[in-house]
>>> print(open('data_35.pdb').read())   # PDB, N, CA and C atoms
ATOM      1  N   MET A 506     124.062  28.428 133.104  1.00  0.00           N
ATOM      2  CA  MET A 506     123.378  27.843 134.230  1.00  0.00           C
ATOM      3  C   MET A 506     122.898  28.929 135.181  1.00  0.00           C
ATOM      4  N   PHE A 507     123.789  29.849 135.479  1.00  0.00           N
ATOM      5  CA  PHE A 507     123.475  30.912 136.435  1.00  0.00           C
ATOM      6  C   PHE A 507     122.221  31.669 136.001  1.00  0.00           C
ATOM      7  N   LEU A 508     122.202  32.114 134.748  1.00  0.00           N
ATOM      8  CA  LEU A 508     121.067  32.905 134.268  1.00  0.00           C
ATOM      9  C   LEU A 508     119.827  32.046 134.075  1.00  0.00           C
ATOM     10  N   GLY A 509     120.004  30.827 133.619  1.00  0.00           N
ATOM     11  CA  GLY A 509     118.863  29.947 133.393  1.00  0.00           C
ATOM     12  C   GLY A 509     118.131  29.594 134.667  1.00  0.00           C
ATOM     13  N   LEU A 510     118.849  29.336 135.722  1.00  0.00           N
ATOM     14  CA  LEU A 510     118.207  28.995 136.987  1.00  0.00           C
ATOM     15  C   LEU A 510     117.550  30.201 137.640  1.00  0.00           C
ATOM     16  N   ARG A 511     117.932  31.382 137.247  1.00  0.00           N
ATOM     17  CA  ARG A 511     117.290  32.594 137.781  1.00  0.00           C
ATOM     18  C   ARG A 511     115.858  32.721 137.264  1.00  0.00           C
ATOM     19  N   LYS A 512     115.570  32.082 136.116  1.00  0.00           N
ATOM     20  CA  LYS A 512     114.230  32.150 135.539  1.00  0.00           C
ATOM     21  C   LYS A 512     113.324  31.132 136.236  1.00  0.00           C
ATOM     22  N   ILE A 513     112.076  31.469 136.397  1.00  0.00           N
ATOM     23  CA  ILE A 513     111.108  30.568 137.026  1.00  0.00           C
ATOM     24  C   ILE A 513     111.003  29.267 136.226  1.00  0.00           C
ATOM     25  N   ASP A 514     111.053  29.356 134.906  1.00  0.00           N
ATOM     26  CA  ASP A 514     110.940  28.160 134.063  1.00  0.00           C
ATOM     27  C   ASP A 514     112.192  27.302 134.085  1.00  0.00           C
ATOM     28  N   GLY A 515     113.278  27.831 134.568  1.00  0.00           N
ATOM     29  CA  GLY A 515     114.511  27.063 134.664  1.00  0.00           C
ATOM     30  C   GLY A 515     115.207  26.884 133.330  1.00  0.00           C
ATOM     31  N   ILE A 516     115.874  25.736 133.172  1.00  0.00           N
ATOM     32  CA  ILE A 516     116.698  25.464 131.993  1.00  0.00           C
ATOM     33  C   ILE A 516     116.086  24.313 131.219  1.00  0.00           C
ATOM     34  N   ASN A 517     115.781  24.566 129.967  1.00  0.00           N
ATOM     35  CA  ASN A 517     115.273  23.523 129.084  1.00  0.00           C
ATOM     36  C   ASN A 517     116.443  22.631 128.682  1.00  0.00           C
ATOM     37  N   LYS A 518     116.334  21.350 128.987  1.00  0.00           N
ATOM     38  CA  LYS A 518     117.455  20.433 128.753  1.00  0.00           C
ATOM     39  C   LYS A 518     117.746  20.231 127.264  1.00  0.00           C
ATOM     40  N   LYS A 519     116.719  20.213 126.427  1.00  0.00           N
ATOM     41  CA  LYS A 519     116.934  20.051 124.979  1.00  0.00           C
ATOM     42  C   LYS A 519     117.620  21.279 124.394  1.00  0.00           C
ATOM     43  N   GLN A 520     117.222  22.453 124.834  1.00  0.00           N
ATOM     44  CA  GLN A 520     117.860  23.682 124.350  1.00  0.00           C
ATOM     45  C   GLN A 520     119.320  23.731 124.784  1.00  0.00           C
ATOM     46  N   PHE A 521     119.597  23.301 126.005  1.00  0.00           N
ATOM     47  CA  PHE A 521     120.974  23.253 126.489  1.00  0.00           C
ATOM     48  C   PHE A 521     121.791  22.323 125.594  1.00  0.00           C
ATOM     49  N   GLN A 522     121.238  21.149 125.287  1.00  0.00           N
ATOM     50  CA  GLN A 522     121.915  20.168 124.430  1.00  0.00           C
ATOM     51  C   GLN A 522     122.215  20.764 123.057  1.00  0.00           C
ATOM     52  N   ARG A 523     121.232  21.441 122.465  1.00  0.00           N
ATOM     53  CA  ARG A 523     121.429  22.048 121.137  1.00  0.00           C
ATOM     54  C   ARG A 523     122.496  23.144 121.182  1.00  0.00           C
ATOM     55  N   LYS A 524     122.452  23.962 122.208  1.00  0.00           N
ATOM     56  CA  LYS A 524     123.368  25.105 122.289  1.00  0.00           C
ATOM     57  C   LYS A 524     124.807  24.688 122.558  1.00  0.00           C
ATOM     58  N   PHE A 525     125.010  23.695 123.436  1.00  0.00           N
ATOM     59  CA  PHE A 525     126.360  23.343 123.868  1.00  0.00           C
ATOM     60  C   PHE A 525     126.845  21.983 123.369  1.00  0.00           C
ATOM     61  N   SER A 526     125.985  21.267 122.641  1.00  0.00           N
ATOM     62  CA  SER A 526     126.321  19.936 122.108  1.00  0.00           C
ATOM     63  C   SER A 526     126.755  18.962 123.197  1.00  0.00           C
ATOM     64  N   LYS A 527     126.206  19.133 124.377  1.00  0.00           N
ATOM     65  CA  LYS A 527     126.478  18.243 125.513  1.00  0.00           C
ATOM     66  C   LYS A 527     125.229  18.152 126.369  1.00  0.00           C
ATOM     67  N   ASP A 528     125.058  16.990 126.977  1.00  0.00           N
ATOM     68  CA  ASP A 528     123.984  16.829 127.938  1.00  0.00           C
ATOM     69  C   ASP A 528     124.338  17.643 129.183  1.00  0.00           C
ATOM     70  N   ILE A 529     123.353  18.279 129.755  1.00  0.00           N
ATOM     71  CA  ILE A 529     123.583  19.124 130.926  1.00  0.00           C
ATOM     72  C   ILE A 529     124.216  18.335 132.075  1.00  0.00           C
ATOM     73  N   TYR A 530     123.875  17.060 132.186  1.00  0.00           N
ATOM     74  CA  TYR A 530     124.425  16.230 133.259  1.00  0.00           C
ATOM     75  C   TYR A 530     125.889  15.862 133.020  1.00  0.00           C
ATOM     76  N   GLU A 531     126.342  15.909 131.771  1.00  0.00           N
ATOM     77  CA  GLU A 531     127.768  15.673 131.500  1.00  0.00           C
ATOM     78  C   GLU A 531     128.622  16.762 132.130  1.00  0.00           C
ATOM     79  N   ILE A 532     128.092  17.954 132.154  1.00  0.00           N
ATOM     80  CA  ILE A 532     128.851  19.104 132.643  1.00  0.00           C
ATOM     81  C   ILE A 532     128.557  19.393 134.114  1.00  0.00           C
ATOM     82  N   TYR A 533     127.293  19.379 134.477  1.00  0.00           N
ATOM     83  CA  TYR A 533     126.878  19.821 135.810  1.00  0.00           C
ATOM     84  C   TYR A 533     126.190  18.736 136.633  1.00  0.00           C
ATOM     85  N   GLY A 534     126.301  17.488 136.230  1.00  0.00           N
ATOM     86  CA  GLY A 534     125.578  16.409 136.896  1.00  0.00           C
ATOM     87  C   GLY A 534     125.813  16.310 138.384  1.00  0.00           C
ATOM     88  N   GLU A 535     127.050  16.435 138.804  1.00  0.00           N
ATOM     89  CA  GLU A 535     127.366  16.319 140.231  1.00  0.00           C
ATOM     90  C   GLU A 535     126.661  17.397 141.050  1.00  0.00           C
ATOM     91  N   ILE A 536     126.702  18.610 140.555  1.00  0.00           N
ATOM     92  CA  ILE A 536     126.073  19.729 141.271  1.00  0.00           C
ATOM     93  C   ILE A 536     124.554  19.587 141.246  1.00  0.00           C
ATOM     94  N   ILE A 537     124.007  19.282 140.078  1.00  0.00           N
ATOM     95  CA  ILE A 537     122.561  19.131 139.961  1.00  0.00           C
ATOM     96  C   ILE A 537     122.075  18.041 140.909  1.00  0.00           C
ATOM     97  N   ASN A 538     122.729  16.909 140.891  1.00  0.00           N
ATOM     98  CA  ASN A 538     122.294  15.791 141.747  1.00  0.00           C
ATOM     99  C   ASN A 538     122.408  16.120 143.236  1.00  0.00           C
ATOM    100  N   ARG A 539     123.449  16.837 143.602  1.00  0.00           N
ATOM    101  CA  ARG A 539     123.600  17.233 145.009  1.00  0.00           C
ATOM    102  C   ARG A 539     122.415  18.082 145.465  1.00  0.00           C
ATOM    103  N   PHE A 540     122.034  19.057 144.633  1.00  0.00           N
ATOM    104  CA  PHE A 540     120.928  19.924 145.017  1.00  0.00           C
ATOM    105  C   PHE A 540     119.566  19.258 144.822  1.00  0.00           C
ATOM    106  N   LYS A 541     119.469  18.290 143.928  1.00  0.00           N
ATOM    107  CA  LYS A 541     118.243  17.492 143.847  1.00  0.00           C
ATOM    108  C   LYS A 541     118.059  16.702 145.131  1.00  0.00           C
ATOM    109  N   ASP A 542     119.144  16.098 145.629  1.00  0.00           N
ATOM    110  CA  ASP A 542     119.076  15.338 146.881  1.00  0.00           C
ATOM    111  C   ASP A 542     118.654  16.217 148.057  1.00  0.00           C
ATOM    112  N   LEU A 543     119.021  17.480 148.006  1.00  0.00           N
ATOM    113  CA  LEU A 543     118.657  18.435 149.056  1.00  0.00           C
ATOM    114  C   LEU A 543     117.289  19.076 148.819  1.00  0.00           C
ATOM    115  N   LYS A 544     116.615  18.633 147.739  1.00  0.00           N
ATOM    116  CA  LYS A 544     115.277  19.160 147.380  1.00  0.00           C
ATOM    117  C   LYS A 544     115.308  20.648 147.059  1.00  0.00           C
ATOM    118  N   MET A 545     116.414  21.097 146.452  1.00  0.00           N
ATOM    119  CA  MET A 545     116.537  22.499 146.067  1.00  0.00           C
ATOM    120  C   MET A 545     116.454  22.685 144.557  1.00  0.00           C
ATOM    121  N   ILE A 546     116.627  21.593 143.809  1.00  0.00           N
ATOM    122  CA  ILE A 546     116.502  21.603 142.353  1.00  0.00           C
ATOM    123  C   ILE A 546     115.604  20.444 141.959  1.00  0.00           C
ATOM    124  N   ASN A 547     114.731  20.697 140.983  1.00  0.00           N
ATOM    125  CA  ASN A 547     113.892  19.655 140.394  1.00  0.00           C
ATOM    126  C   ASN A 547     114.294  19.433 138.947  1.00  0.00           C
ATOM    127  N   ASP A 548     114.133  18.206 138.488  1.00  0.00           N
ATOM    128  CA  ASP A 548     114.287  17.856 137.073  1.00  0.00           C
ATOM    129  C   ASP A 548     113.013  17.121 136.701  1.00  0.00           C
ATOM    130  N   ASP A 549     112.177  17.761 135.868  1.00  0.00           N
ATOM    131  CA  ASP A 549     110.901  17.147 135.502  1.00  0.00           C
ATOM    132  C   ASP A 549     110.995  16.345 134.206  1.00  0.00           C
ATOM    133  N   GLY A 550     112.218  16.127 133.735  1.00  0.00           N
ATOM    134  CA  GLY A 550     112.422  15.401 132.491  1.00  0.00           C
ATOM    135  C   GLY A 550     112.683  16.328 131.322  1.00  0.00           C
ATOM    136  N   ASN A 551     112.049  17.484 131.323  1.00  0.00           N
ATOM    137  CA  ASN A 551     112.230  18.470 130.255  1.00  0.00           C
ATOM    138  C   ASN A 551     113.090  19.647 130.681  1.00  0.00           C
ATOM    139  N   LYS A 552     112.967  20.008 131.942  1.00  0.00           N
ATOM    140  CA  LYS A 552     113.693  21.187 132.423  1.00  0.00           C
ATOM    141  C   LYS A 552     114.195  20.963 133.838  1.00  0.00           C
ATOM    142  N   ILE A 553     115.170  21.776 134.193  1.00  0.00           N
ATOM    143  CA  ILE A 553     115.738  21.785 135.535  1.00  0.00           C
ATOM    144  C   ILE A 553     115.460  23.163 136.113  1.00  0.00           C
ATOM    145  N   TYR A 554     114.935  23.184 137.323  1.00  0.00           N
ATOM    146  CA  TYR A 554     114.557  24.468 137.926  1.00  0.00           C
ATOM    147  C   TYR A 554     114.677  24.395 139.443  1.00  0.00           C
ATOM    148  N   LEU A 555     114.750  25.555 140.049  1.00  0.00           N
ATOM    149  CA  LEU A 555     114.848  25.651 141.503  1.00  0.00           C
ATOM    150  C   LEU A 555     113.493  25.377 142.150  1.00  0.00           C
ATOM    151  N   THR A 556     113.516  24.688 143.271  1.00  0.00           N
ATOM    152  CA  THR A 556     112.310  24.501 144.076  1.00  0.00           C
ATOM    153  C   THR A 556     112.109  25.753 144.921  1.00  0.00           C
ATOM    154  N   GLU A 557     111.010  25.797 145.659  1.00  0.00           N
ATOM    155  CA  GLU A 557     110.798  26.939 146.567  1.00  0.00           C
ATOM    156  C   GLU A 557     111.937  27.019 147.573  1.00  0.00           C
ATOM    157  N   LYS A 558     112.346  25.878 148.082  1.00  0.00           N
ATOM    158  CA  LYS A 558     113.465  25.837 149.034  1.00  0.00           C
ATOM    159  C   LYS A 558     114.751  26.341 148.370  1.00  0.00           C
ATOM    160  N   GLY A 559     114.953  25.975 147.110  1.00  0.00           N
ATOM    161  CA  GLY A 559     116.137  26.408 146.370  1.00  0.00           C
ATOM    162  C   GLY A 559     116.130  27.894 146.069  1.00  0.00           C
ATOM    163  N   ILE A 560     114.950  28.422 145.807  1.00  0.00           N
ATOM    164  CA  ILE A 560     114.837  29.857 145.521  1.00  0.00           C
ATOM    165  C   ILE A 560     115.283  30.670 146.734  1.00  0.00           C
ATOM    166  N   GLU A 561     114.966  30.169 147.920  1.00  0.00           N
ATOM    167  CA  GLU A 561     115.329  30.880 149.150  1.00  0.00           C
ATOM    168  C   GLU A 561     116.841  31.049 149.298  1.00  0.00           C
ATOM    169  N   VAL A 562     117.605  30.120 148.753  1.00  0.00           N
ATOM    170  CA  VAL A 562     119.074  30.176 148.864  1.00  0.00           C
ATOM    171  C   VAL A 562     119.719  30.173 147.477  1.00  0.00           C
ATOM    172  N   SER A 563     119.028  30.753 146.515  1.00  0.00           N
ATOM    173  CA  SER A 563     119.464  30.682 145.120  1.00  0.00           C
ATOM    174  C   SER A 563     120.871  31.232 144.881  1.00  0.00           C
ATOM    175  N   ASN A 564     121.249  32.274 145.577  1.00  0.00           N
ATOM    176  CA  ASN A 564     122.589  32.823 145.358  1.00  0.00           C
ATOM    177  C   ASN A 564     123.676  31.813 145.714  1.00  0.00           C
ATOM    178  N   SER A 565     123.463  31.062 146.778  1.00  0.00           N
ATOM    179  CA  SER A 565     124.429  30.036 147.175  1.00  0.00           C
ATOM    180  C   SER A 565     124.510  28.933 146.118  1.00  0.00           C
ATOM    181  N   ILE A 566     123.366  28.546 145.583  1.00  0.00           N
ATOM    182  CA  ILE A 566     123.340  27.513 144.546  1.00  0.00           C
ATOM    183  C   ILE A 566     124.047  28.013 143.291  1.00  0.00           C
ATOM    184  N   MET A 567     123.762  29.231 142.882  1.00  0.00           N
ATOM    185  CA  MET A 567     124.386  29.799 141.678  1.00  0.00           C
ATOM    186  C   MET A 567     125.911  29.806 141.802  1.00  0.00           C
ATOM    187  N   CYS A 568     126.392  30.130 142.977  1.00  0.00           N
ATOM    188  CA  CYS A 568     127.840  30.149 143.189  1.00  0.00           C
ATOM    189  C   CYS A 568     128.471  28.799 142.913  1.00  0.00           C
ATOM    190  N   GLU A 569     127.795  27.749 143.247  1.00  0.00           N
ATOM    191  CA  GLU A 569     128.323  26.404 143.007  1.00  0.00           C
ATOM    192  C   GLU A 569     128.554  26.161 141.517  1.00  0.00           C
ATOM    193  N   PHE A 570     127.648  26.615 140.683  1.00  0.00           N
ATOM    194  CA  PHE A 570     127.776  26.432 139.249  1.00  0.00           C
ATOM    195  C   PHE A 570     128.900  27.301 138.682  1.00  0.00           C
ATOM    196  N   ILE A 571     129.042  28.493 139.210  1.00  0.00           N
ATOM    197  CA  ILE A 571     130.087  29.397 138.725  1.00  0.00           C
ATOM    198  C   ILE A 571     131.463  28.907 139.170  1.00  0.00           C
ATOM    199  N   LEU A 572     131.593  28.501 140.402  1.00  0.00           N
ATOM    200  CA  LEU A 572     132.887  28.096 140.927  1.00  0.00           C
ATOM    201  C   LEU A 572     133.360  26.758 140.379  1.00  0.00           C
ATOM    202  N   GLU A 573     132.411  25.868 140.030  1.00  0.00           N
ATOM    203  CA  GLU A 573     132.787  24.549 139.525  1.00  0.00           C
ATOM    204  C   GLU A 573     133.320  24.622 138.116  1.00  0.00           C
ATOM    205  N   LYS A 574     132.660  25.342 137.248  1.00  0.00           N
ATOM    206  CA  LYS A 574     133.002  25.320 135.813  1.00  0.00           C
ATOM    207  C   LYS A 574     133.425  26.674 135.329  1.00  0.00           C
TER     208      LYS A 574
END
>>> encode(input="data_35.pdb", output="structure tokens")
Amino acid sequence: MFLGLRKIDGINKKQFQRKFSKDIYEIYGEIINRFKDLKMINDDGNKIYLTEKGIEVSNSIMCEFILEK
């Protein structure tokens, strides 16, 4: 998650599913939804990525993913 969100393209949800045999929301749903509500993460159906607002505080967001799992 940490490295994927650092990329402008974000995280491809199908690739995540293939690699980890789990839906990304099964593992990180609470965190993703929290930051979606804050308009810092977008989910366009195919990928999850940081918004401009999220990029500004990306280190704080990344910490949430590292500390949770």
>>> atom_distance(input="data_35.pdb", atom1="atom CA of Asn517 of chain A", atom2="atom CA of Lys552 of chain A")
4.4 Å
>>> closest_residue(input="data_35.pdb", among="A:Met567, A:Lys512, A:Gly559, A:Gln522", to="Asn547 of chain A", atoms="all atoms listed in the file")
A:Gly559
>>> closest_residue(input="data_35.pdb", among="A:Phe540, A:Met506, A:Ile566, A:Ile516", to="Tyr554 of chain A", atoms="only N, CA and C atoms")
A:Ile516
>>> atom_distance(input="data_35.pdb", atom1="atom CA of Gly509 of chain A", atom2="atom CA of Ile553 of chain A")
9.0 Å
>>> atom_distance(input="data_35.pdb", atom1="atom CA of Arg523 of chain A", atom2="atom CA of Lys558 of chain A")
29.3 Å
>>> residues_around(input="data_35.pdb", residues="Glu557 of chain A", least_positions_apart="3", cutoff="7 Å", atoms="only N, CA and C atoms", output="number ranges by chain")
A: 544-545, 560-562
>>> write_last_selection(input="data_35.pdb", atoms="N, CA and C atoms", output="tab-separated table (two decimals), keeping the file's coordinate frame")
chain	number	residue	atom	x	y	z
A	544	LYS	N	116.62	18.63	147.74
A	544	LYS	CA	115.28	19.16	147.38
A	544	LYS	C	115.31	20.65	147.06
A	545	MET	N	116.41	21.10	146.45
A	545	MET	CA	116.54	22.50	146.07
A	545	MET	C	116.45	22.68	144.56
A	560	ILE	N	114.95	28.42	145.81
A	560	ILE	CA	114.84	29.86	145.52
A	560	ILE	C	115.28	30.67	146.73
A	561	GLU	N	114.97	30.17	147.92
A	561	GLU	CA	115.33	30.88	149.15
A	561	GLU	C	116.84	31.05	149.30
A	562	VAL	N	117.60	30.12	148.75
A	562	VAL	CA	119.07	30.18	148.86
A	562	VAL	C	119.72	30.17	147.48
>>> select_by_dssp(input="data_35.pdb", residues="chain A", states="alpha helix (DSSP H)", output="PyMOL selection string")
chain A and resi 507-511+518-525+529-542+557-561+563-573
>>> residues_around(input="data_35.pdb", residues="Ile536 of chain A", least_positions_apart="5", cutoff="9 Å", atoms="only C-alpha atoms", output="list in words")
Tyr530, Lys541, Ile566, Glu569, Phe570 and Glu573 of chain A
>>> write_last_selection(input="data_35.pdb", atoms="N, CA and C atoms", output="CSV table (one decimal), in the coordinates of the input")
chain,number,residue,atom,x,y,z
A,530,TYR,N,123.9,17.1,132.2
A,530,TYR,CA,124.4,16.2,133.3
A,530,TYR,C,125.9,15.9,133.0
A,541,LYS,N,119.5,18.3,143.9
A,541,LYS,CA,118.2,17.5,143.8
A,541,LYS,C,118.1,16.7,145.1
A,566,ILE,N,123.4,28.5,145.6
A,566,ILE,CA,123.3,27.5,144.5
A,566,ILE,C,124.0,28.0,143.3
A,569,GLU,N,127.8,27.7,143.2
A,569,GLU,CA,128.3,26.4,143.0
A,569,GLU,C,128.6,26.2,141.5
A,570,PHE,N,127.6,26.6,140.7
A,570,PHE,CA,127.8,26.4,139.2
A,570,PHE,C,128.9,27.3,138.7
A,573,GLU,N,132.4,25.9,140.0
A,573,GLU,CA,132.8,24.5,139.5
A,573,GLU,C,133.3,24.6,138.1
>>> select_by_dssp(input="data_35.pdb", residues="chain A", states="strand (DSSP E or B)", output="list in words")
Ile516, Asn517, Ile546, Asn547, Asp548, Lys552, Ile553, Tyr554 and Leu555 of chain A
>>> axis_aligned_box(input="data_35.pdb", around="segment 521-524 of chain A", padding_each_side="6 Å", output="AutoDock Vina command-line options")
--center_x 122.2 --center_y 22.6 --center_z 123.8 --size_x 17.2 --size_y 16.9 --size_z 17.4
>>> residues_around(input="data_35.pdb", residues="Lys518 of chain A", least_positions_apart="6", cutoff="8 Å", atoms="all atoms listed in the file", output="list of chain:residue names")
A:Lys524, A:Lys527, A:Asp528, A:Ile529, A:Gly550, A:Asn551, A:Lys552, A:Ile553
>>> write_last_selection(input="data_35.pdb", atoms="N, CA and C atoms", output="PDB file, keeping the file's coordinate frame")
ATOM      1  N   LYS A 524     122.452  23.962 122.208  1.00  0.00           N
ATOM      2  CA  LYS A 524     123.368  25.105 122.289  1.00  0.00           C
ATOM      3  C   LYS A 524     124.807  24.688 122.558  1.00  0.00           C
ATOM      4  N   LYS A 527     126.206  19.133 124.377  1.00  0.00           N
ATOM      5  CA  LYS A 527     126.478  18.243 125.513  1.00  0.00           C
ATOM      6  C   LYS A 527     125.229  18.152 126.369  1.00  0.00           C
ATOM      7  N   ASP A 528     125.058  16.990 126.977  1.00  0.00           N
ATOM      8  CA  ASP A 528     123.984  16.829 127.938  1.00  0.00           C
ATOM      9  C   ASP A 528     124.338  17.643 129.183  1.00  0.00           C
ATOM     10  N   ILE A 529     123.353  18.279 129.755  1.00  0.00           N
ATOM     11  CA  ILE A 529     123.583  19.124 130.926  1.00  0.00           C
ATOM     12  C   ILE A 529     124.216  18.335 132.075  1.00  0.00           C
ATOM     13  N   GLY A 550     112.218  16.127 133.735  1.00  0.00           N
ATOM     14  CA  GLY A 550     112.422  15.401 132.491  1.00  0.00           C
ATOM     15  C   GLY A 550     112.683  16.328 131.322  1.00  0.00           C
ATOM     16  N   ASN A 551     112.049  17.484 131.323  1.00  0.00           N
ATOM     17  CA  ASN A 551     112.230  18.470 130.255  1.00  0.00           C
ATOM     18  C   ASN A 551     113.090  19.647 130.681  1.00  0.00           C
ATOM     19  N   LYS A 552     112.967  20.008 131.942  1.00  0.00           N
ATOM     20  CA  LYS A 552     113.693  21.187 132.423  1.00  0.00           C
ATOM     21  C   LYS A 552     114.195  20.963 133.838  1.00  0.00           C
ATOM     22  N   ILE A 553     115.170  21.776 134.193  1.00  0.00           N
ATOM     23  CA  ILE A 553     115.738  21.785 135.535  1.00  0.00           C
ATOM     24  C   ILE A 553     115.460  23.163 136.113  1.00  0.00           C
TER      25      ILE A 553
END
>>> decode(input="data_35.pdb", residues="segment 519-543 of chain A", atoms="N, CA and C atoms", output="PDB file, in the first residue's frame")
ATOM      1  N   LYS A 519      -7.339  -4.908  -9.248  1.00  0.00           N
ATOM      2  CA  LYS A 519      -7.270  -6.281  -9.773  1.00  0.00           C
ATOM      3  C   LYS A 519      -5.891  -6.883  -9.536  1.00  0.00           C
ATOM      4  N   GLN A 520      -4.854  -6.094  -9.724  1.00  0.00           N
ATOM      5  CA  GLN A 520      -3.494  -6.586  -9.477  1.00  0.00           C
ATOM      6  C   GLN A 520      -3.303  -6.907  -7.999  1.00  0.00           C
ATOM      7  N   PHE A 521      -3.853  -6.075  -7.130  1.00  0.00           N
ATOM      8  CA  PHE A 521      -3.776  -6.333  -5.694  1.00  0.00           C
ATOM      9  C   PHE A 521      -4.453  -7.666  -5.383  1.00  0.00           C
ATOM     10  N   GLN A 522      -5.639  -7.883  -5.953  1.00  0.00           N
ATOM     11  CA  GLN A 522      -6.390  -9.126  -5.742  1.00  0.00           C
ATOM     12  C   GLN A 522      -5.576 -10.335  -6.197  1.00  0.00           C
ATOM     13  N   ARG A 523      -4.967 -10.242  -7.379  1.00  0.00           N
ATOM     14  CA  ARG A 523      -4.162 -11.360  -7.901  1.00  0.00           C
ATOM     15  C   ARG A 523      -2.946 -11.630  -7.013  1.00  0.00           C
ATOM     16  N   LYS A 524      -2.290 -10.576  -6.584  1.00  0.00           N
ATOM     17  CA  LYS A 524      -1.054 -10.734  -5.811  1.00  0.00           C
ATOM     18  C   LYS A 524      -1.300 -11.275  -4.409  1.00  0.00           C
ATOM     19  N   PHE A 525      -2.366 -10.806  -3.744  1.00  0.00           N
ATOM     20  CA  PHE A 525      -2.583 -11.152  -2.341  1.00  0.00           C
ATOM     21  C   PHE A 525      -3.781 -12.068  -2.099  1.00  0.00           C
ATOM     22  N   SER A 526      -4.504 -12.411  -3.167  1.00  0.00           N
ATOM     23  CA  SER A 526      -5.690 -13.279  -3.072  1.00  0.00           C
ATOM     24  C   SER A 526      -6.733 -12.738  -2.103  1.00  0.00           C
ATOM     25  N   LYS A 527      -6.803 -11.431  -1.999  1.00  0.00           N
ATOM     26  CA  LYS A 527      -7.795 -10.756  -1.151  1.00  0.00           C
ATOM     27  C   LYS A 527      -8.173  -9.438  -1.801  1.00  0.00           C
ATOM     28  N   ASP A 528      -9.420  -9.054  -1.586  1.00  0.00           N
ATOM     29  CA  ASP A 528      -9.859  -7.744  -2.028  1.00  0.00           C
ATOM     30  C   ASP A 528      -9.182  -6.696  -1.144  1.00  0.00           C
ATOM     31  N   ILE A 529      -8.772  -5.613  -1.746  1.00  0.00           N
ATOM     32  CA  ILE A 529      -8.072  -4.562  -1.008  1.00  0.00           C
ATOM     33  C   ILE A 529      -8.915  -4.030   0.154  1.00  0.00           C
ATOM     34  N   TYR A 530     -10.228  -4.011  -0.019  1.00  0.00           N
ATOM     35  CA  TYR A 530     -11.113  -3.512   1.035  1.00  0.00           C
ATOM     36  C   TYR A 530     -11.238  -4.490   2.203  1.00  0.00           C
ATOM     37  N   GLU A 531     -10.959  -5.768   1.970  1.00  0.00           N
ATOM     38  CA  GLU A 531     -10.955  -6.731   3.082  1.00  0.00           C
ATOM     39  C   GLU A 531      -9.855  -6.399   4.078  1.00  0.00           C
ATOM     40  N   ILE A 532      -8.763  -5.900   3.568  1.00  0.00           N
ATOM     41  CA  ILE A 532      -7.596  -5.631   4.408  1.00  0.00           C
ATOM     42  C   ILE A 532      -7.555  -4.175   4.871  1.00  0.00           C
ATOM     43  N   TYR A 533      -7.794  -3.259   3.958  1.00  0.00           N
ATOM     44  CA  TYR A 533      -7.600  -1.835   4.239  1.00  0.00           C
ATOM     45  C   TYR A 533      -8.872  -1.003   4.110  1.00  0.00           C
ATOM     46  N   GLY A 534     -10.026  -1.634   4.072  1.00  0.00           N
ATOM     47  CA  GLY A 534     -11.275  -0.919   3.835  1.00  0.00           C
ATOM     48  C   GLY A 534     -11.543   0.224   4.785  1.00  0.00           C
ATOM     49  N   GLU A 535     -11.307   0.012   6.058  1.00  0.00           N
ATOM     50  CA  GLU A 535     -11.572   1.060   7.048  1.00  0.00           C
ATOM     51  C   GLU A 535     -10.725   2.302   6.789  1.00  0.00           C
ATOM     52  N   ILE A 536      -9.461   2.086   6.514  1.00  0.00           N
ATOM     53  CA  ILE A 536      -8.548   3.212   6.266  1.00  0.00           C
ATOM     54  C   ILE A 536      -8.895   3.895   4.947  1.00  0.00           C
ATOM     55  N   ILE A 537      -9.110   3.100   3.908  1.00  0.00           N
ATOM     56  CA  ILE A 537      -9.443   3.667   2.606  1.00  0.00           C
ATOM     57  C   ILE A 537     -10.709   4.510   2.715  1.00  0.00           C
ATOM     58  N   ASN A 538     -11.726   3.967   3.332  1.00  0.00           N
ATOM     59  CA  ASN A 538     -13.001   4.700   3.441  1.00  0.00           C
ATOM     60  C   ASN A 538     -12.865   5.981   4.263  1.00  0.00           C
ATOM     61  N   ARG A 539     -12.068   5.929   5.309  1.00  0.00           N
ATOM     62  CA  ARG A 539     -11.851   7.135   6.120  1.00  0.00           C
ATOM     63  C   ARG A 539     -11.245   8.255   5.276  1.00  0.00           C
ATOM     64  N   PHE A 540     -10.228   7.908   4.480  1.00  0.00           N
ATOM     65  CA  PHE A 540      -9.583   8.932   3.668  1.00  0.00           C
ATOM     66  C   PHE A 540     -10.398   9.295   2.427  1.00  0.00           C
ATOM     67  N   LYS A 541     -11.238   8.396   1.949  1.00  0.00           N
ATOM     68  CA  LYS A 541     -12.180   8.766   0.890  1.00  0.00           C
ATOM     69  C   LYS A 541     -13.156   9.806   1.412  1.00  0.00           C
ATOM     70  N   ASP A 542     -13.666   9.598   2.631  1.00  0.00           N
ATOM     71  CA  ASP A 542     -14.592  10.560   3.236  1.00  0.00           C
ATOM     72  C   ASP A 542     -13.949  11.934   3.410  1.00  0.00           C
ATOM     73  N   LEU A 543     -12.653  11.951   3.635  1.00  0.00           N
ATOM     74  CA  LEU A 543     -11.911  13.204   3.792  1.00  0.00           C
ATOM     75  C   LEU A 543     -11.439  13.780   2.457  1.00  0.00           C
TER      76      LEU A 543
END
